[in-house]
Amino acid sequence: MEKIVILTGAGISAESGLGTFRGAGGLWENHRVEDVATPEAFARDPALVTTFYNQRRAGAASAKPNAAHAALARLQAEYDGEVVIVTQNVDGLHEAAGATVLHMHGQLDQALCAGCGHRWPAPMEMAVGEVCPACKGPHGRPDIVWFGEMPYDMDEIFGHLVSCGLFAAIGTSGQVYPAAGFVQEADAAGAHTVELNLDPSSVVSQFAETRFGPATQTVPAWVAGLLS
Ligand code: BJW
């Protein structure tokens, strides 16, 4: 059976009550992106950034996976072939639904030492200058991939993209690279490509197939079709 690669974005967690980044009511309507999502911003105002992620961590901890997360976990369990789920999301809702995923933009529940690179489970309330348990330096930061930083697992992800038969992007606006370029990579390798989204993404014209609607409706229906 052909390998399936699925990229998810903030839209898949929207119906679990977690905010998306762009558009009306987006996470960054109250925070300028350059104030919170770059290493320079963290160096300039660590208290602002630490508080922002402490609030996000608390919100994510009380959120529950929805029918779209559950459908992807079902696909991974029941499909007679490999299903690779790559998420840009920093919440843990895919895992809470029972799936195994690659977190290319990091995880809210992890801390990263900016000094030695050690990663460890983040406390619910991270402090400014959180002490690293490995090197004992006060260099702890949220384990989040900010603009200008290299996303995680890129070699593994590109390896999957060039060897898959089906690529799907779910609930992502296609405005942030390298994730927005995955469709081009999979298409060039000969995969069928499908976008499932509420609104068309910036790269919608590169997909062979589109399905529009809320993820809790489109994703279970799409998965049911693949498993039938
Ligand atoms: C629903 C729904 C429902 C709503 N059902 N759907 C110029 C050109 C090209 C690239 C660059 C450039 N200048 C700089 C760059 C690189 C830069 C970049 O892309 N910048 C752009 C702004 C242009 N990228 C980077 O710096 C990245 N690193 C990098 O490139 O390293 C070098 C490299 C080179 C080569 C290979 C590999 C690497 C790092 C990017 C890090 C992004 N980090 C963030 C912040 C994380 C922190 C945090 O969580 O606070 O990650 S940015 C933010 O955007 C977050 C998200 O993961 C990411 C994507 O957002 P997403 O998920 O698409 O959400 P939204 O809100 O944009 O869209 C929501 C979607 O859901 C919409 O489509 C809705 O329709 C839909 N929706 N409700 C279904 N119910």
# chains A, B, ... in the order shown; residues from 1 in each chain; ligands from 1
call {"tool": "residues_near_ligand", "arguments": {"ligand": "ligand 1", "cutoff": "6 Å", "atoms": "only C-alpha atoms and all ligand atoms", "output": "PyMOL selection string"}}
result
chain A and resi 9-12+14-15+20-22+37+88-90+105+144-151+171-178+197-199+201+214-215
call {"tool": "write_last_selection", "arguments": {"atoms": "C-alpha atoms", "output": "mmCIF file, in the first residue's frame"}}
result
data_model
loop_
_atom_site.group_PDB
_atom_site.id
_atom_site.type_symbol
_atom_site.label_atom_id
_atom_site.label_comp_id
_atom_site.auth_asym_id
_atom_site.auth_seq_id
_atom_site.Cartn_x
_atom_site.Cartn_y
_atom_site.Cartn_z
ATOM 1 C CA GLY A 9 -1.906 22.965 11.126
ATOM 2 C CA ALA A 10 -3.770 25.055 13.662
ATOM 3 C CA GLY A 11 -7.122 24.514 11.914
ATOM 4 C CA ILE A 12 -7.345 20.894 13.061
ATOM 5 C CA ALA A 14 -9.650 25.006 16.199
ATOM 6 C CA GLU A 15 -12.764 22.994 17.049
ATOM 7 C CA THR A 20 -5.382 29.656 15.071
ATOM 8 C CA PHE A 21 -2.607 32.125 14.264
ATOM 9 C CA ARG A 22 -3.987 34.247 11.465
ATOM 10 C CA ALA A 37 7.807 34.249 17.889
ATOM 11 C CA GLN A 88 3.056 22.206 12.883
ATOM 12 C CA ASN A 89 0.988 22.327 16.062
ATOM 13 C CA VAL A 90 2.638 22.594 19.439
ATOM 14 C CA HIS A 105 7.547 23.286 15.288
ATOM 15 C CA ILE A 144 9.084 26.078 20.170
ATOM 16 C CA VAL A 145 10.563 26.641 16.702
ATOM 17 C CA TRP A 146 10.533 30.383 16.123
ATOM 18 C CA PHE A 147 11.019 32.283 12.863
ATOM 19 C CA GLY A 148 14.574 31.957 11.622
ATOM 20 C CA GLU A 149 15.116 28.642 13.439
ATOM 21 C CA MET A 150 15.380 25.220 11.816
ATOM 22 C CA PRO A 151 12.238 23.077 12.258
ATOM 23 C CA GLY A 171 -6.091 23.133 8.447
ATOM 24 C CA THR A 172 -3.007 25.112 7.513
ATOM 25 C CA SER A 173 -2.845 28.492 5.752
ATOM 26 C CA GLY A 174 0.255 27.735 3.687
ATOM 27 C CA GLN A 175 1.936 30.941 4.779
ATOM 28 C CA VAL A 176 4.883 29.503 6.696
ATOM 29 C CA TYR A 177 7.818 27.649 5.130
ATOM 30 C CA PRO A 178 9.175 25.032 4.863
ATOM 31 C CA ASN A 197 -9.305 23.257 4.933
ATOM 32 C CA LEU A 198 -11.938 25.715 6.063
ATOM 33 C CA ASP A 199 -10.698 28.383 3.638
ATOM 34 C CA SER A 201 -4.645 28.193 1.682
ATOM 35 C CA PRO A 214 -14.680 22.207 9.218
ATOM 36 C CA ALA A 215 -12.059 19.558 9.967
#
call {"tool": "closest_residue", "arguments": {"among": "A:Glu40, A:Asp153, A:Glu209, A:Glu2", "to": "Leu102 in chain A", "atoms": "only C-alpha atoms"}}
result
A:Asp153
call {"tool": "residues_around", "arguments": {"residues": "Lys136 in chain A", "least_positions_apart": "4", "cutoff": "10 Å", "atoms": "only C-alpha atoms", "output": "PyMOL selection string"}}
result
chain A and resi 113+115-116+130-132+140
call {"tool": "write_last_selection", "arguments": {"atoms": "C-alpha atoms", "output": "CSV table (one decimal), in the first residue's frame"}}
result
chain,number,residue,atom,x,y,z
A,113,CYS,CA,18.1,24.7,27.0
A,115,GLY,CA,22.8,26.9,26.3
A,116,CYS,CA,23.3,23.1,25.8
A,130,GLU,CA,14.3,28.3,34.0
A,131,VAL,CA,17.3,26.2,35.2
A,132,CYS,CA,18.4,23.5,32.8
A,140,GLY,CA,15.5,27.3,29.7
call {"tool": "select_by_dssp", "arguments": {"residues": "range 12-209 of chain A", "states": "strand (DSSP E or B)", "output": "JSON, numbers by chain"}}
result
{"A": [83, 84, 85, 86, 87, 101, 102, 103, 106, 107, 108, 109, 110, 111, 112, 113, 119, 120, 121, 140, 141, 142, 143, 144, 166, 167, 168, 169, 170, 192, 193, 194, 195, 196, 197, 209]}
call {"tool": "write_last_selection", "arguments": {"atoms": "N, CA, C and O atoms", "output": "short mmCIF file (atom, residue, chain, number, x, y, z; two decimals), in the first residue's frame"}}
result
data_model
loop_
_atom_site.label_atom_id
_atom_site.label_comp_id
_atom_site.auth_asym_id
_atom_site.auth_seq_id
_atom_site.Cartn_x
_atom_site.Cartn_y
_atom_site.Cartn_z
N VAL A 83 1.39 5.48 7.63
CA VAL A 83 0.74 6.80 7.71
C VAL A 83 1.62 7.69 8.58
O VAL A 83 1.75 7.46 9.78
N VAL A 84 2.25 8.69 7.97
CA VAL A 84 3.14 9.60 8.69
C VAL A 84 2.39 10.91 8.91
O VAL A 84 1.95 11.55 7.95
N ILE A 85 2.23 11.29 10.17
CA ILE A 85 1.56 12.56 10.48
C ILE A 85 2.62 13.55 10.97
O ILE A 85 3.35 13.28 11.92
N VAL A 86 2.71 14.66 10.25
CA VAL A 86 3.63 15.75 10.61
C VAL A 86 2.76 16.91 11.05
O VAL A 86 1.89 17.35 10.30
N THR A 87 2.98 17.41 12.25
CA THR A 87 2.16 18.55 12.68
C THR A 87 3.02 19.78 12.92
O THR A 87 4.15 19.68 13.41
N VAL A 101 3.07 11.29 16.07
CA VAL A 101 3.29 12.41 15.14
C VAL A 101 4.69 12.98 15.28
O VAL A 101 5.33 12.83 16.32
N LEU A 102 5.13 13.65 14.21
CA LEU A 102 6.37 14.43 14.25
C LEU A 102 5.98 15.89 14.49
O LEU A 102 5.19 16.45 13.73
N HIS A 103 6.54 16.49 15.51
CA HIS A 103 6.22 17.89 15.86
C HIS A 103 7.29 18.80 15.26
O HIS A 103 8.29 19.11 15.91
N GLY A 106 8.00 22.03 17.35
CA GLY A 106 8.21 21.90 18.78
C GLY A 106 6.94 21.55 19.53
O GLY A 106 5.90 21.24 18.93
N GLN A 107 7.02 21.60 20.87
CA GLN A 107 5.92 21.17 21.72
C GLN A 107 5.83 22.08 22.95
O GLN A 107 6.84 22.37 23.60
N LEU A 108 4.59 22.48 23.27
CA LEU A 108 4.38 23.34 24.44
C LEU A 108 4.79 22.67 25.74
O LEU A 108 5.18 23.34 26.69
N ASP A 109 4.67 21.33 25.80
CA ASP A 109 4.96 20.67 27.06
C ASP A 109 6.43 20.26 27.20
O ASP A 109 6.78 19.47 28.07
N GLN A 110 7.28 20.83 26.33
CA GLN A 110 8.71 20.57 26.43
C GLN A 110 9.45 21.90 26.66
O GLN A 110 9.02 22.96 26.19
N ALA A 111 10.58 21.81 27.37
CA ALA A 111 11.47 22.96 27.54
C ALA A 111 12.78 22.64 26.82
O ALA A 111 13.13 21.47 26.65
N LEU A 112 13.46 23.69 26.39
CA LEU A 112 14.72 23.54 25.65
C LEU A 112 15.77 24.45 26.29
O LEU A 112 15.47 25.61 26.60
N CYS A 113 16.97 23.91 26.46
CA CYS A 113 18.05 24.75 26.99
C CYS A 113 18.74 25.46 25.83
O CYS A 113 19.30 24.81 24.95
N ARG A 119 16.62 18.92 26.17
CA ARG A 119 15.16 19.10 26.20
C ARG A 119 14.59 18.29 27.35
O ARG A 119 15.03 17.17 27.60
N TRP A 120 13.57 18.84 28.03
CA TRP A 120 12.95 18.14 29.16
C TRP A 120 11.50 18.57 29.29
O TRP A 120 11.11 19.59 28.71
N PRO A 121 10.68 17.79 30.03
CA PRO A 121 9.27 18.16 30.18
C PRO A 121 9.14 19.52 30.86
O PRO A 121 9.72 19.74 31.92
N GLY A 140 16.71 28.01 30.19
CA GLY A 140 15.51 27.31 29.71
C GLY A 140 14.59 28.24 28.93
O GLY A 140 14.44 29.42 29.26
N ARG A 141 13.99 27.72 27.88
CA ARG A 141 13.03 28.45 27.05
C ARG A 141 11.98 27.47 26.57
O ARG A 141 12.21 26.25 26.62
N PRO A 142 10.85 27.94 26.09
CA PRO A 142 9.88 27.00 25.51
C PRO A 142 10.51 26.28 24.31
O PRO A 142 11.27 26.88 23.55
N ASP A 143 10.19 25.00 24.15
CA ASP A 143 10.74 24.22 23.03
C ASP A 143 9.86 24.43 21.80
O ASP A 143 9.14 23.52 21.36
N ILE A 144 9.91 25.65 21.30
CA ILE A 144 9.08 26.08 20.17
C ILE A 144 10.02 26.56 19.07
O ILE A 144 11.00 27.27 19.36
N LEU A 166 0.47 9.55 -1.41
CA LEU A 166 -0.63 10.49 -1.10
C LEU A 166 -0.13 11.48 -0.06
O LEU A 166 0.42 11.08 0.97
N PHE A 167 -0.35 12.77 -0.35
CA PHE A 167 0.01 13.82 0.60
C PHE A 167 -1.23 14.65 0.88
O PHE A 167 -1.92 15.09 -0.05
N ALA A 168 -1.54 14.88 2.17
CA ALA A 168 -2.68 15.71 2.53
C ALA A 168 -2.23 16.80 3.50
O ALA A 168 -1.41 16.55 4.38
N ALA A 169 -2.76 18.01 3.30
CA ALA A 169 -2.53 19.11 4.24
C ALA A 169 -3.89 19.47 4.84
O ALA A 169 -4.86 19.67 4.11
N ILE A 170 -3.94 19.54 6.16
CA ILE A 170 -5.22 19.77 6.86
C ILE A 170 -5.11 21.00 7.76
O ILE A 170 -4.23 21.08 8.63
N HIS A 192 -0.36 11.90 -5.19
CA HIS A 192 -1.64 12.62 -5.27
C HIS A 192 -1.67 13.57 -4.08
O HIS A 192 -1.22 13.22 -2.98
N THR A 193 -2.18 14.79 -4.28
CA THR A 193 -2.16 15.78 -3.20
C THR A 193 -3.57 16.30 -2.94
O THR A 193 -4.34 16.54 -3.87
N VAL A 194 -3.90 16.45 -1.65
CA VAL A 194 -5.24 16.93 -1.28
C VAL A 194 -5.15 17.93 -0.14
O VAL A 194 -4.40 17.71 0.83
N GLU A 195 -5.88 19.03 -0.29
CA GLU A 195 -5.99 20.01 0.80
C GLU A 195 -7.36 19.90 1.45
O GLU A 195 -8.38 19.95 0.75
N LEU A 196 -7.39 19.75 2.79
CA LEU A 196 -8.63 19.79 3.55
C LEU A 196 -8.54 21.03 4.44
O LEU A 196 -7.63 21.12 5.27
N ASN A 197 -9.45 21.97 4.25
CA ASN A 197 -9.30 23.26 4.93
C ASN A 197 -10.65 23.94 5.05
O ASN A 197 -11.61 23.60 4.33
N GLU A 209 -6.48 18.02 -5.44
CA GLU A 209 -7.84 17.85 -4.93
C GLU A 209 -8.03 18.74 -3.71
O GLU A 209 -7.09 18.95 -2.94
#
call {"tool": "select_by_dssp", "arguments": {"residues": "range 67-155 of chain A", "states": "helix (DSSP H, G or I)", "output": "JSON, numbers by chain"}}
result
{"A": [67, 68, 69, 70, 71, 72, 73, 74, 75, 76, 77, 78, 93, 94, 95, 96, 154, 155]}
call {"tool": "write_last_selection", "arguments": {"atoms": "C-alpha atoms", "output": "compact mmCIF listing (two decimals), in the first residue's frame"}}
result
# COMPACT_ATOMS: atom_id res chain seq x y z
CA ALA A 67 -13.27 14.04 15.68
CA ALA A 68 -10.56 15.04 13.19
CA HIS A 69 -7.72 14.04 15.53
CA ALA A 70 -9.57 10.80 16.26
CA ALA A 71 -10.04 10.04 12.57
CA LEU A 72 -6.31 10.45 11.83
CA ALA A 73 -5.44 8.17 14.75
CA ARG A 74 -7.89 5.62 13.35
CA LEU A 75 -6.28 5.91 9.90
CA GLN A 76 -2.83 5.31 11.40
CA ALA A 77 -4.11 2.24 13.28
CA GLU A 78 -6.23 0.65 10.52
CA LEU A 93 -3.99 16.64 20.78
CA HIS A 94 -2.85 14.14 18.12
CA GLU A 95 -1.16 12.04 20.82
CA ALA A 96 -4.17 12.43 23.10
CA MET A 154 13.43 17.92 8.38
CA ASP A 155 15.57 15.14 6.87
call {"tool": "atom_distance", "arguments": {"atom1": "CA of Gly59 in chain A", "atom2": "CA of Thr38 in chain A"}}
result
21.3 Å
call {"tool": "residues_around", "arguments": {"residues": "Ser228 in chain A", "least_positions_apart": "3", "cutoff": "12 Å", "atoms": "only C-alpha atoms", "output": "count of residues only"}}
result
9
call {"tool": "closest_residue", "arguments": {"among": "A:Gly129, A:Asn30, A:Pro123, A:Gly92", "to": "Asp45 in chain A", "atoms": "only C-alpha atoms"}}
result
A:Gly129
call {"tool": "closest_residue", "arguments": {"among": "A:Ala58, A:Leu161, A:Ala47, A:Leu227", "to": "Met1 in chain A", "atoms": "only C-alpha atoms"}}
result
A:Leu227
call {"tool": "atom_distance", "arguments": {"atom1": "CA of Ala191 in chain A", "atom2": "CA of Asn66 in chain A"}}
result
27.7 Å
call {"tool": "atom_distance", "arguments": {"atom1": "CA of Val5 in chain A", "atom2": "CA of Leu18 in chain A"}}
result
23.6 Å
call {"tool": "closest_residue", "arguments": {"among": "A:Gly213, A:Asp91, A:Ser13, A:Thr8", "to": "Phe182 in chain A", "atoms": "only C-alpha atoms"}}
result
A:Thr8
call {"tool": "closest_residue", "arguments": {"among": "A:Gly17, A:Pro133, A:Gly25, A:Gly165", "to": "Ala61 in chain A", "atoms": "only C-alpha atoms"}}
result
A:Gly17
call {"tool": "closest_residue", "arguments": {"among": "A:Ala134, A:Val203, A:Cys164, A:Ala43", "to": "Gly181 in chain A", "atoms": "only C-alpha atoms"}}
result
A:Val203
